>>> print(open('work.csv').read())   # CSV, C-alpha atoms
chain,number,residue,atom,x,y,z
A,264,ALA,CA,42.3,-32.5,-13.2
A,265,GLN,CA,42.2,-28.8,-13.2
A,266,LYS,CA,41.5,-27.6,-16.7
A,267,ILE,CA,42.1,-23.9,-16.1
A,268,THR,CA,44.7,-22.6,-13.6
A,269,GLN,CA,45.0,-19.0,-12.5
A,270,THR,CA,47.9,-18.8,-10.0
A,271,GLN,CA,47.4,-15.2,-8.9
A,272,PRO,CA,44.6,-14.9,-6.3
A,273,GLY,CA,45.2,-11.2,-6.1
A,274,MET,CA,47.1,-8.5,-7.8
A,275,PHE,CA,47.7,-4.8,-6.9
A,276,VAL,CA,48.7,-2.4,-9.7
A,277,GLN,CA,49.2,1.4,-9.9
A,278,GLU,CA,46.8,3.3,-12.1
A,279,LYS,CA,48.0,3.7,-15.7
A,280,GLU,CA,50.4,0.7,-15.5
A,281,ALA,CA,50.0,-2.3,-17.6
A,282,VAL,CA,49.1,-5.6,-15.9
A,283,THR,CA,49.3,-9.2,-16.9
A,284,LEU,CA,46.9,-11.8,-15.5
A,285,ASP,CA,48.1,-15.4,-15.9
A,286,CYS,CA,46.1,-18.3,-17.1
A,287,THR,CA,47.3,-21.8,-18.0
A,288,TYR,CA,45.1,-24.6,-19.4
A,289,ASP,CA,45.1,-28.3,-19.9
A,290,THR,CA,43.5,-30.0,-22.9
A,291,SER,CA,44.2,-32.8,-25.3
A,292,ASP,CA,41.8,-31.3,-27.9
A,293,GLN,CA,43.4,-29.6,-31.0
A,294,SER,CA,40.4,-27.3,-31.3
A,295,TYR,CA,39.4,-25.1,-28.3
A,296,GLY,CA,38.5,-21.6,-27.4
A,297,LEU,CA,39.8,-19.4,-24.6
A,298,PHE,CA,37.9,-16.6,-23.0
A,299,TRP,CA,38.4,-13.9,-20.4
A,300,TYR,CA,35.6,-12.5,-18.3
A,301,LYS,CA,35.5,-9.6,-15.9
A,302,GLN,CA,33.3,-9.7,-12.8
A,303,PRO,CA,32.9,-6.3,-11.0
A,304,SER,CA,31.6,-6.1,-7.5
A,305,SER,CA,28.1,-6.0,-8.9
A,306,GLY,CA,28.5,-9.7,-9.8
A,307,GLU,CA,27.7,-9.5,-13.5
A,308,MET,CA,30.0,-11.4,-15.8
A,309,ILE,CA,31.3,-9.3,-18.7
A,310,PHE,CA,33.0,-10.9,-21.7
A,311,LEU,CA,36.3,-9.3,-22.6
A,312,ILE,CA,38.2,-11.2,-25.2
A,313,TYR,CA,38.3,-14.5,-27.1
A,314,GLN,CA,41.2,-16.5,-28.6
A,315,GLY,CA,40.8,-19.6,-30.8
A,316,SER,CA,43.3,-22.4,-30.7
A,317,TYR,CA,43.9,-22.0,-34.5
A,318,ASP,CA,44.2,-18.2,-34.4
A,319,GLU,CA,47.7,-17.3,-35.4
A,320,GLN,CA,47.6,-13.8,-34.1
A,321,ASN,CA,47.0,-12.8,-30.5
A,322,ALA,CA,43.5,-11.4,-29.9
A,323,THR,CA,43.1,-7.7,-29.1
A,324,GLU,CA,40.0,-5.7,-27.9
A,325,GLY,CA,40.8,-2.1,-27.1
A,326,ARG,CA,43.0,-2.1,-24.0
A,327,TYR,CA,42.8,-5.8,-23.6
A,328,SER,CA,45.1,-8.3,-25.4
A,329,LEU,CA,45.6,-12.0,-25.0
A,330,ASN,CA,49.1,-13.3,-25.0
A,331,PHE,CA,48.6,-16.8,-26.4
A,332,GLN,CA,51.4,-19.2,-26.2
A,333,LYS,CA,50.1,-22.5,-27.5
A,334,ALA,CA,53.1,-24.7,-26.8
A,335,ARG,CA,53.1,-23.5,-23.2
A,336,LYS,CA,49.3,-23.8,-22.9
A,337,SER,CA,49.1,-20.3,-21.6
A,338,ALA,CA,46.6,-17.5,-22.4
A,339,ASN,CA,47.5,-14.5,-20.3
A,340,LEU,CA,45.4,-11.3,-20.3
A,341,VAL,CA,47.2,-8.0,-20.7
A,342,ILE,CA,45.5,-4.8,-19.7
A,343,SER,CA,47.3,-1.7,-20.9
A,344,ALA,CA,47.1,1.6,-19.1
A,345,SER,CA,45.0,0.3,-16.3
A,346,GLN,CA,42.1,2.4,-14.9
A,347,LEU,CA,40.4,2.5,-11.5
A,348,GLY,CA,37.4,0.9,-13.1
A,349,ASP,CA,39.4,-2.2,-14.0
A,350,SER,CA,39.3,-3.3,-10.4
A,351,ALA,CA,37.4,-6.5,-10.4
A,352,MET,CA,37.7,-10.3,-10.5
A,353,TYR,CA,39.0,-11.7,-13.8
A,354,PHE,CA,38.2,-15.2,-14.9
A,355,CYS,CA,39.9,-17.3,-17.6
A,356,ALA,CA,37.7,-19.9,-19.3
A,357,MET,CA,38.0,-22.6,-21.9
A,358,ARG,CA,35.6,-24.4,-24.2
A,359,GLU,CA,36.9,-27.6,-25.8
A,360,LEU,CA,35.6,-29.2,-28.9
A,361,GLN,CA,35.0,-32.4,-27.0
A,362,GLY,CA,32.5,-31.3,-24.5
A,363,ALA,CA,31.8,-28.0,-26.2
A,364,GLN,CA,28.6,-27.5,-24.3
A,365,LYS,CA,30.7,-26.5,-21.3
A,366,LEU,CA,32.6,-23.4,-20.6
A,367,VAL,CA,35.0,-24.2,-17.8
A,368,PHE,CA,36.3,-21.4,-15.6
A,369,GLY,CA,39.4,-20.9,-13.5
A,370,GLN,CA,39.3,-19.7,-9.9
A,371,GLY,CA,39.9,-16.1,-10.8
A,372,THR,CA,42.2,-13.3,-10.0
A,373,ARG,CA,41.2,-10.3,-8.0
A,374,LEU,CA,42.7,-7.2,-9.5
A,375,THR,CA,42.9,-4.0,-7.5
A,376,ILE,CA,44.0,-0.7,-9.2
A,377,ASN,CA,45.5,1.8,-6.9
A,378,PRO,CA,45.3,5.6,-7.6
B,1198,SER,CA,19.0,-7.1,-29.0
B,1199,GLN,CA,19.1,-10.0,-26.6
B,1200,THR,CA,18.7,-9.6,-22.9
B,1201,ILE,CA,18.7,-12.0,-20.0
B,1202,HIS,CA,16.7,-11.5,-16.8
B,1203,GLN,CA,17.3,-13.2,-13.6
B,1204,TRP,CA,15.5,-12.9,-10.3
B,1205,PRO,CA,15.5,-12.3,-7.4
B,1206,ALA,CA,18.7,-10.5,-6.9
B,1207,THR,CA,19.1,-11.6,-3.3
B,1208,LEU,CA,17.4,-14.3,-1.3
B,1209,VAL,CA,17.6,-15.4,2.3
B,1210,GLN,CA,16.0,-18.8,3.0
B,1211,PRO,CA,15.9,-21.1,6.0
B,1212,VAL,CA,17.4,-24.6,5.8
B,1213,GLY,CA,14.8,-27.1,4.6
B,1214,SER,CA,12.8,-24.5,2.7
B,1215,PRO,CA,12.1,-24.8,-1.1
B,1216,LEU,CA,13.8,-22.7,-3.8
B,1217,SER,CA,12.9,-21.4,-7.2
B,1218,LEU,CA,15.1,-19.1,-9.2
B,1219,GLU,CA,13.9,-18.0,-12.6
B,1220,CYS,CA,15.8,-16.9,-15.7
B,1221,THR,CA,14.3,-15.7,-19.0
B,1222,VAL,CA,16.0,-14.6,-22.2
B,1223,GLU,CA,14.6,-12.2,-24.8
B,1224,GLY,CA,15.5,-11.5,-28.3
B,1225,THR,CA,16.7,-15.0,-29.4
B,1226,SER,CA,15.3,-18.4,-30.2
B,1227,ASN,CA,16.4,-21.8,-29.1
B,1228,PRO,CA,19.3,-20.7,-27.0
B,1229,ASN,CA,21.4,-23.0,-24.8
B,1230,LEU,CA,20.8,-22.1,-21.2
B,1231,TYR,CA,23.0,-22.6,-18.2
B,1232,TRP,CA,23.0,-22.4,-14.4
B,1233,TYR,CA,26.3,-21.7,-12.7
B,1234,ARG,CA,27.1,-21.4,-9.0
B,1235,GLN,CA,29.9,-19.3,-7.5
B,1236,ALA,CA,31.0,-19.9,-4.0
B,1237,ALA,CA,32.4,-16.8,-2.2
B,1238,GLY,CA,35.7,-15.7,-3.8
B,1239,ARG,CA,35.8,-18.8,-6.1
B,1240,GLY,CA,35.3,-19.6,-9.7
B,1241,LEU,CA,32.1,-20.7,-11.5
B,1242,GLN,CA,30.9,-24.2,-11.3
B,1243,LEU,CA,28.5,-25.4,-14.0
B,1244,LEU,CA,25.4,-27.0,-12.5
B,1245,PHE,CA,23.0,-27.5,-15.4
B,1246,TYR,CA,22.7,-26.8,-19.1
B,1247,SER,CA,19.8,-27.2,-21.5
B,1248,VAL,CA,19.8,-27.4,-25.3
B,1249,GLY,CA,16.0,-27.3,-25.6
B,1250,ILE,CA,12.6,-27.5,-23.9
B,1251,GLY,CA,12.5,-30.3,-21.4
B,1252,GLN,CA,16.2,-31.2,-22.0
B,1253,ILE,CA,18.3,-30.8,-18.9
B,1254,SER,CA,21.9,-32.1,-18.3
B,1255,SER,CA,23.2,-32.1,-14.8
B,1256,GLU,CA,26.9,-31.6,-14.2
B,1257,VAL,CA,27.2,-32.1,-10.5
B,1258,PRO,CA,25.0,-34.4,-8.3
B,1259,GLN,CA,23.4,-32.3,-5.7
B,1260,ASN,CA,20.3,-31.0,-4.0
B,1261,LEU,CA,19.2,-28.9,-6.9
B,1262,SER,CA,17.2,-29.5,-10.1
B,1263,ALA,CA,16.5,-27.5,-13.2
B,1264,SER,CA,13.7,-27.3,-15.6
B,1265,ARG,CA,13.0,-25.6,-18.9
B,1266,PRO,CA,9.3,-25.3,-19.4
B,1267,GLN,CA,9.5,-22.9,-22.3
B,1268,ASP,CA,12.2,-22.1,-24.9
B,1269,ARG,CA,13.5,-19.1,-23.2
B,1270,GLN,CA,12.8,-19.9,-19.5
B,1271,PHE,CA,15.1,-21.7,-17.2
B,1272,ILE,CA,14.3,-22.5,-13.6
B,1273,LEU,CA,16.5,-23.7,-10.8
B,1274,SER,CA,14.8,-25.5,-7.9
B,1275,SER,CA,15.2,-27.3,-4.7
B,1276,LYS,CA,12.7,-29.1,-2.5
B,1277,LYS,CA,14.8,-28.6,0.7
B,1278,LEU,CA,17.7,-26.2,0.9
B,1279,LEU,CA,20.9,-27.1,2.6
B,1280,LEU,CA,23.5,-24.7,4.2
B,1281,SER,CA,25.9,-25.8,1.4
B,1282,ASP,CA,23.5,-24.4,-1.2
B,1283,SER,CA,24.4,-20.8,-0.3
B,1284,GLY,CA,26.2,-19.0,-3.1
B,1285,PHE,CA,25.9,-16.7,-6.1
B,1286,TYR,CA,23.9,-18.3,-8.8
B,1287,LEU,CA,24.3,-17.1,-12.4
B,1288,CYS,CA,22.1,-17.9,-15.4
B,1289,ALA,CA,23.6,-17.7,-18.8
B,1290,TRP,CA,22.7,-18.3,-22.4
B,1291,SER,CA,24.5,-18.9,-25.7
B,1292,VAL,CA,23.4,-19.1,-29.3
B,1293,GLY,CA,23.2,-22.9,-29.3
B,1294,GLN,CA,25.8,-24.1,-31.7
B,1295,PHE,CA,28.3,-25.6,-29.3
B,1296,ALA,CA,31.2,-24.1,-31.2
B,1297,THR,CA,34.4,-23.5,-29.5
B,1298,ASN,CA,34.1,-19.8,-30.0
B,1299,GLU,CA,30.6,-19.7,-28.5
B,1300,LYS,CA,30.6,-17.2,-25.6
B,1301,LEU,CA,28.1,-17.0,-22.8
B,1302,PHE,CA,26.0,-14.0,-21.9
B,1303,PHE,CA,25.2,-13.8,-18.2
B,1304,GLY,CA,22.4,-12.6,-16.1
B,1305,SER,CA,23.0,-10.3,-13.1
B,1306,GLY,CA,23.0,-13.2,-10.6
B,1307,THR,CA,21.1,-14.2,-7.4
B,1308,GLN,CA,22.9,-14.1,-4.1
B,1309,LEU,CA,21.4,-17.0,-2.0
B,1310,SER,CA,22.0,-17.2,1.7
B,1311,VAL,CA,20.7,-20.3,3.4
B,1312,LEU,CA,20.5,-19.9,7.2
>>> encode(input="work.csv", output="structure tokens")
Amino acid sequence: AQKITQTQPGMFVQEKEAVTLDCTYDTSDQSYGLFWYKQPSSGEMIFLIYQGSYDEQNATEGRYSLNFQKARKSANLVISASQLGDSAMYFCAMRELQGAQKLVFGQGTRLTINP
Amino acid sequence: SQTIHQWPATLVQPVGSPLSLECTVEGTSNPNLYWYRQAAGRGLQLLFYSVGIGQISSEVPQNLSASRPQDRQFILSSKKLLLSDSGFYLCAWSVGQFATNEKLFFGSGTQLSVL
């Protein structure tokens, strides 16, 4: 079964607009962590933001925030005031307490910021 | 500070030839080490992880093997490459606690083309 689902293969956004990248997950664990990574064309994977399953507040890191809706099992990434440098692949990932040695990734969303 | 080195950056190999990709981590001790593969335009698939010297766990049966001869060295190998082994290979490390908030730090990747 797919653990992480990213339903948007590609998104196009105008510069300075906010953008939401969708991520839903599937787990029976009560304790788990959700991550977002950015992969520019260079290929490196850059950690953006983390949300724990017991965190009551949505995580924020600068222009990045995570819209965590536990009941819906969704962990959408919100980028405010998008910039040209935000163009990249974005991956949602999850680490469960059962099997915590694995960080499981979704298929990714390619975000393109237009000037 | 911790750094991770992965080489080579690109590699073109004929079918049936051997493979050796190397990854080293500096600035930390007893890390967990990982090899991921990314097919073109796809998400990351965990291939191997290691919790210590000589300890290798394989996630997907395949034509590849991994070894950890030293604490901060992780090697991905194959005796005979297949066309299906082509892809982008990423090495990663984490602090080794297997906690749900444990994030991965990635190397810059190796683009392998098997012809």
>>> atom_distance(input="work.csv", atom1="CA of Lys1277 (chain B)", atom2="CA of Ser1264 (chain B)")
16.4 Å
>>> closest_residue(input="work.csv", among="A:Gly348, A:Gly325, A:Pro378, A:Gly369", to="chain B", atoms="all atoms listed in the file")
A:Gly369
>>> residues_around(input="work.csv", residues="Tyr1233 (chain B)", least_positions_apart="6", cutoff="8 Å", atoms="only C-alpha atoms", output="ChimeraX atom specification")
/B:1241-1245,1286-1289
>>> closest_atom_pairs(input="work.csv", of="chain B", to="chain A", cutoff="8 Å", atoms="all atoms listed in the file", output="Markdown table")
| residue | atom | partner | partner_atom | distance |
| --- | --- | --- | --- | --- |
| B:Arg1239 | CA | A:Gln370 | CA | 5.2 |
| B:Gly1240 | CA | A:Gln370 | CA | 4.0 |
| B:Leu1241 | CA | A:Phe368 | CA | 5.9 |
| B:Gln1242 | CA | A:Phe368 | CA | 7.4 |
| B:Leu1243 | CA | A:Val367 | CA | 7.6 |
| B:Tyr1246 | CA | A:Gln364 | CA | 7.9 |
| B:Phe1295 | CA | A:Ala363 | CA | 5.3 |
| B:Ala1296 | CA | A:Ala363 | CA | 6.4 |
| B:Thr1297 | CA | A:Gly296 | CA | 5.0 |
| B:Asn1298 | CA | A:Gly296 | CA | 5.4 |
| B:Lys1300 | CA | A:Phe298 | CA | 7.8 |
| B:Leu1301 | CA | A:Phe310 | CA | 7.9 |
| B:Phe1302 | CA | A:Phe310 | CA | 7.7 |
| B:Phe1303 | CA | A:Met308 | CA | 5.9 |
| B:Gly1304 | CA | A:Glu307 | CA | 6.7 |
| B:Ser1305 | CA | A:Glu307 | CA | 4.8 |
| B:Gly1306 | CA | A:Gly306 | CA | 6.6 |
>>> residues_near_point(input="work.csv", point="(20.9, -4.2, -34.3)", cutoff="12 Å", atoms="all atoms listed in the file", output="PDB file with C-alpha atoms, in the coordinates of the input")
ATOM      1  CA  SER B1198      19.000  -7.100 -29.000  1.00  0.00           C
ATOM      2  CA  GLN B1199      19.100 -10.000 -26.600  1.00  0.00           C
ATOM      3  CA  GLY B1224      15.500 -11.500 -28.300  1.00  0.00           C
TER       4      GLY B1224
END
>>> residues_near_point(input="work.csv", point="(49.6, -17.1, -24.9)", cutoff="12 Å", atoms="all atoms listed in the file", output="ChimeraX atom specification")
/A:283-288,297-298,313-316,318-322,328-341
